[in-house]
Every structure is written in structure tokens, then in C-alpha cells.
Amino acid sequence: MSNPSNINLLISNDDGIFALGVRTLANTLAQVGYNITVVCPDRERSATGHGLTLHRPIRAEIVEDFFNPNITAWSCSGTPSDCVKLALSTLVDSRPDFIVSGINQGSNLGTDVLYSGTVSAAMEGIIEGIPSIALSLASFSSRQFQPGADFAGRLIQQLQEHPLPDQTLLNVNIPPVAADAIAGVVLTRQGLRRYIENFEKRLDPRGKSYYWLAGELVTEVEQPNHIHLPDHIPTDVQAIRQNYITLTPLQYNLTDVASFEYLQTNKWLDW
């Protein structure tokens with residue numbers, strides 16, 4: 001196994017530079033001995049997906065006295081994806097061996113990954129050919145980030161010994177329980193999450209209307225089949241309910257193989 005001092009980690013998130021989750025993660029991994037650079041948004045940028053800042057400047061400032069003194073930390077005015085792009089192109093001297101995003105406050109399960117800034121920051125890593133991990137604590141109220149940070153350290157060690165295939169992102173969700181209550185680690189397929197969504201209409205002080213997105217999670221949703229994986233493999237949505245750490249490999253290639261074969265077979269492209 002490689003010496004941690006020879007391994008460079010880039011850490012980002014979407015909860016912002018001063019979030020407890022990223023501080024717990026970065027400080028824990030720094031104590032192991034990794035070389036760490038943190039580049040995070042200067043404020044919460046949840047649910048920004050893979051958005052980029054194109055029409056205004058991006059600013060970055062050094063952050064002092066918040067992280068372990070061996071960590072170099074930057075606050076960035078852009079999105080999570082901006083943070084990773086800026087870090088790779090400008091802020092880090094050596095190419096990271098791993099990019100780790102999180103630990104997010106709140107789960108990123110099933111179809112939530114399409115909106116997640118946490119997952120998008122990690123996805124930016126695999127687009128650049130860097131092994132990447134997205135970490136989320138499956139609660140909006142729990143502050144138990146330490147089990148997830150400890151697991152991240154063990155996972156990185158495993159990935160050093162058994163590297164991922166190219167262009168694979170590991171999406172990790174941690175149950176919001178004490179370490180001794182975690183049922184284990186399970187490999188999962190991506191599930192489905194649905195919400196009852198509502199845009200609440202309000203009035204500002206000038207009497208102009210605006211809308212505030214609200215919603216309620218639908219807990220009982222039939223999980224979809226997967227074209228390549230058997231049904232007995234649980235989805236991340238199912239496994240997190242049983243207090244398992246879920247490990248879901250993701251990729252940025254969204255090509256639908258079944259539909260491609262259907263269109264090809266039915267000769268839709270004949271002119």
C-alpha cells in the first residue's frame with residue numbers, strides 16, 4: 001500500500017466551505033497523512049447539479065484557521081463543479097490521486113444524484129480521469145459525520161490496492177447512526193426516489209409574487225429493474241433503510257443500451 005504522504009487528495013462539497021461534514025472529512029484524512037487540498041463553494045450550493053458559472057467571474061480565497069493546519073483550503077464563489085475545475089486547472093500544484101466530495105448533509109440516493117452538487121463535483125473528477133468518491137450522510141439533522149469520514153479513509157486505502165475501472169464514480173451514502181449500529185457495507189444499484197412537489201406562491205414586501213419549491217418524499221416507491229443487474233441486488237434506496245453503508249458505482253455515460261438496440265432493430269434511422 002502506498003504511503004499516505006505520497007497521495008494527493010482534492011476535497012470539495014456543495015454544502016459550503018464551513019460545513020461540518022467537509023471539515024470532519026478533511027481533518028480525518030489529514031490525520032491519516034494524506035496531502036489534502038480543499039476547494040469548496042463559499043456558501044451552500046445544494047441541488048445545483050453540474051452547473052457551471054459562465055457569465056460572471058469566479059473568485060477564490062484562502063481559508064485559514066478552520067481546517068487541520070496541514071490542509072490547504074480555498075473558498076470559491078462558484079458551483080461545486082466550478083470548484084473542481086478551478087482546482088485542477090489553477091489551484092493545485094500536483095494532480096490529485098483521488099477526488100472526494102462531501103460529506104454531504106442529506107442523502108444522495110437514486111435519482112437524486114441527477115440534481116446533486118456533491119455527486120457532480122465527484123463526476124467532474126472522473127471526466128478528468130481521476131478516481132472519485134461522493135459521500136453523503138443520509139440525514140438533514142444528524143451531525144454524526146465521523147463514521148462516514150472513517151469509512152472514507154478505509155475506502156481510499158482499498159482503492160489504492162484495487163483501483164477502480166476508468167471513469168467510475170463511487171456514490172456512498174452513510175446511515176445516520178452510531179458506528180456500532182451500522183449493519184455493514186453493501187454494493188447497490190441506483191434506485192428511484194419520488195417526491196410530491198409543490199411550488200408555494202408567496203408575496204415579497206413589494207407585493208410581487210414568487211414561488212418556493214417545497215416537497216415531500218414518497219417513501220414507498222417500487223424500485224425499477226435494471227437491464228444488466230438482477231433484481232435481488234438491492235437499490236441504494238432500499239439498503240440505506242436497513243442501516244447499511246451503500247456503495248453505488250456511477251458513470252457519466254447516460255447512453256440507454258436497451259433503447260439503442262430497440263431503435264437499431266426497428267430501423268428508425270431509415271430515410
# chains A, B, ... in the order shown; residues from 1 in each chain; ligands from 1
call {"tool": "residues_around", "arguments": {"residues": "Asp256 (chain A)", "least_positions_apart": "4", "cutoff": "12 Å", "atoms": "only C-alpha atoms", "output": "number ranges by chain"}}
result
A: 226-228, 252, 260-263
call {"tool": "residues_around", "arguments": {"residues": "Ile7 (chain A)", "least_positions_apart": "2", "cutoff": "12 Å", "atoms": "only C-alpha atoms", "output": "ChimeraX atom specification"}}
result
/A:1-5,9-10,29-30,32-37,94-99,156-157,159-160
call {"tool": "residues_around", "arguments": {"residues": "Ile174 (chain A)", "least_positions_apart": "5", "cutoff": "8 Å", "atoms": "only C-alpha atoms", "output": "list in words"}}
result
Ser107, Leu135, Ser136, Leu137, Ala138, Pro147, Gly148, Ile240, Asn243, Tyr244, Ile245 and Thr246 of chain A
call {"tool": "select_by_dssp", "arguments": {"residues": "region 184-247 of chain A", "states": "alpha helix (DSSP H)", "output": "PDB file with N, CA, C and O atoms, in the first residue's frame"}}
result
ATOM      1  N   ASP A 236     -29.849   1.447  -3.689  1.00  0.00           N
ATOM      2  CA  ASP A 236     -29.349   2.280  -2.592  1.00  0.00           C
ATOM      3  C   ASP A 236     -30.491   2.748  -1.698  1.00  0.00           C
ATOM      4  O   ASP A 236     -30.347   2.833  -0.472  1.00  0.00           O
ATOM      5  N   VAL A 237     -31.644   3.015  -2.295  1.00  0.00           N
ATOM      6  CA  VAL A 237     -32.814   3.454  -1.535  1.00  0.00           C
ATOM      7  C   VAL A 237     -33.249   2.376  -0.542  1.00  0.00           C
ATOM      8  O   VAL A 237     -33.596   2.664   0.612  1.00  0.00           O
ATOM      9  N   GLN A 238     -33.218   1.125  -0.966  1.00  0.00           N
ATOM     10  CA  GLN A 238     -33.635   0.028  -0.093  1.00  0.00           C
ATOM     11  C   GLN A 238     -32.614  -0.234   1.013  1.00  0.00           C
ATOM     12  O   GLN A 238     -32.970  -0.401   2.184  1.00  0.00           O
ATOM     13  N   ALA A 239     -31.352  -0.263   0.659  1.00  0.00           N
ATOM     14  CA  ALA A 239     -30.320  -0.683   1.613  1.00  0.00           C
ATOM     15  C   ALA A 239     -30.093   0.334   2.721  1.00  0.00           C
ATOM     16  O   ALA A 239     -29.786  -0.039   3.859  1.00  0.00           O
ATOM     17  N   ILE A 240     -30.237   1.624   2.427  1.00  0.00           N
ATOM     18  CA  ILE A 240     -29.985   2.631   3.456  1.00  0.00           C
ATOM     19  C   ILE A 240     -31.008   2.521   4.576  1.00  0.00           C
ATOM     20  O   ILE A 240     -30.719   2.846   5.733  1.00  0.00           O
TER      21      ILE A 240
END
call {"tool": "atom_distance", "arguments": {"atom1": "CA of Gly78 (chain A)", "atom2": "CA of Val113 (chain A)"}}
result
19.4 Å
call {"tool": "residues_around", "arguments": {"residues": "Thr53 (chain A)", "least_positions_apart": "5", "cutoff": "10 Å", "atoms": "only C-alpha atoms", "output": "PyMOL selection string"}}
result
chain A and resi 58+77-79+81-82
call {"tool": "write_last_selection", "arguments": {"atoms": "all heavy atoms", "output": "JSON list (two decimals), in the first residue's frame"}}
result
[["chain", "number", "residue", "atom", "x", "y", "z"],
["A", 58, "ILE", "N", -15.30, 34.14, -11.32],
["A", 58, "ILE", "CA", -15.20, 33.24, -10.16],
["A", 58, "ILE", "C", -14.05, 33.72, -9.30],
["A", 58, "ILE", "O", -12.95, 33.97, -9.80],
["A", 58, "ILE", "CB", -14.96, 31.79, -10.62],
["A", 58, "ILE", "CG1", -16.16, 31.27, -11.43],
["A", 58, "ILE", "CG2", -14.70, 30.88, -9.42],
["A", 58, "ILE", "CD1", -15.93, 29.90, -12.04],
["A", 77, "SER", "N", -16.30, 31.14, -5.18],
["A", 77, "SER", "CA", -17.62, 31.74, -5.38],
["A", 77, "SER", "C", -18.50, 30.94, -6.34],
["A", 77, "SER", "O", -19.67, 31.27, -6.52],
["A", 77, "SER", "CB", -17.47, 33.17, -5.92],
["A", 77, "SER", "OG", -16.88, 33.17, -7.21],
["A", 78, "GLY", "N", -17.96, 29.90, -6.95],
["A", 78, "GLY", "CA", -18.69, 29.15, -7.97],
["A", 78, "GLY", "C", -19.43, 27.95, -7.43],
["A", 78, "GLY", "O", -19.60, 27.75, -6.22],
["A", 79, "THR", "N", -19.89, 27.12, -8.36],
["A", 79, "THR", "CA", -20.62, 25.89, -8.05],
["A", 79, "THR", "C", -19.64, 24.79, -7.65],
["A", 79, "THR", "O", -18.42, 24.94, -7.80],
["A", 79, "THR", "CB", -21.40, 25.42, -9.28],
["A", 79, "THR", "OG1", -20.45, 25.03, -10.30],
["A", 79, "THR", "CG2", -22.32, 26.51, -9.83],
["A", 81, "SER", "N", -19.01, 22.06, -9.28],
["A", 81, "SER", "CA", -18.26, 21.71, -10.48],
["A", 81, "SER", "C", -17.21, 22.77, -10.81],
["A", 81, "SER", "O", -16.08, 22.44, -11.21],
["A", 81, "SER", "CB", -19.20, 21.53, -11.67],
["A", 81, "SER", "OG", -20.06, 20.44, -11.47],
["A", 82, "ASP", "N", -17.55, 24.05, -10.61],
["A", 82, "ASP", "CA", -16.57, 25.11, -10.78],
["A", 82, "ASP", "C", -15.37, 24.89, -9.86],
["A", 82, "ASP", "O", -14.22, 25.08, -10.26],
["A", 82, "ASP", "CB", -17.18, 26.47, -10.41],
["A", 82, "ASP", "CG", -18.17, 27.00, -11.42],
["A", 82, "ASP", "OD1", -18.04, 26.70, -12.61],
["A", 82, "ASP", "OD2", -19.09, 27.74, -11.00]]
call {"tool": "atom_distance", "arguments": {"atom1": "CA of Trp74 (chain A)", "atom2": "CA of Asp112 (chain A)"}}
result
26.9 Å
call {"tool": "closest_residue", "arguments": {"among": "A:Gly106, A:Gly215, A:Pro230, A:Pro131", "to": "Leu169 (chain A)", "atoms": "only C-alpha atoms"}}
result
A:Pro131
call {"tool": "residues_around", "arguments": {"residues": "Glu222 (chain A)", "least_positions_apart": "3", "cutoff": "10 Å", "atoms": "only C-alpha atoms", "output": "VMD selection string"}}
result
chain A and resid 191 to 193 219 225
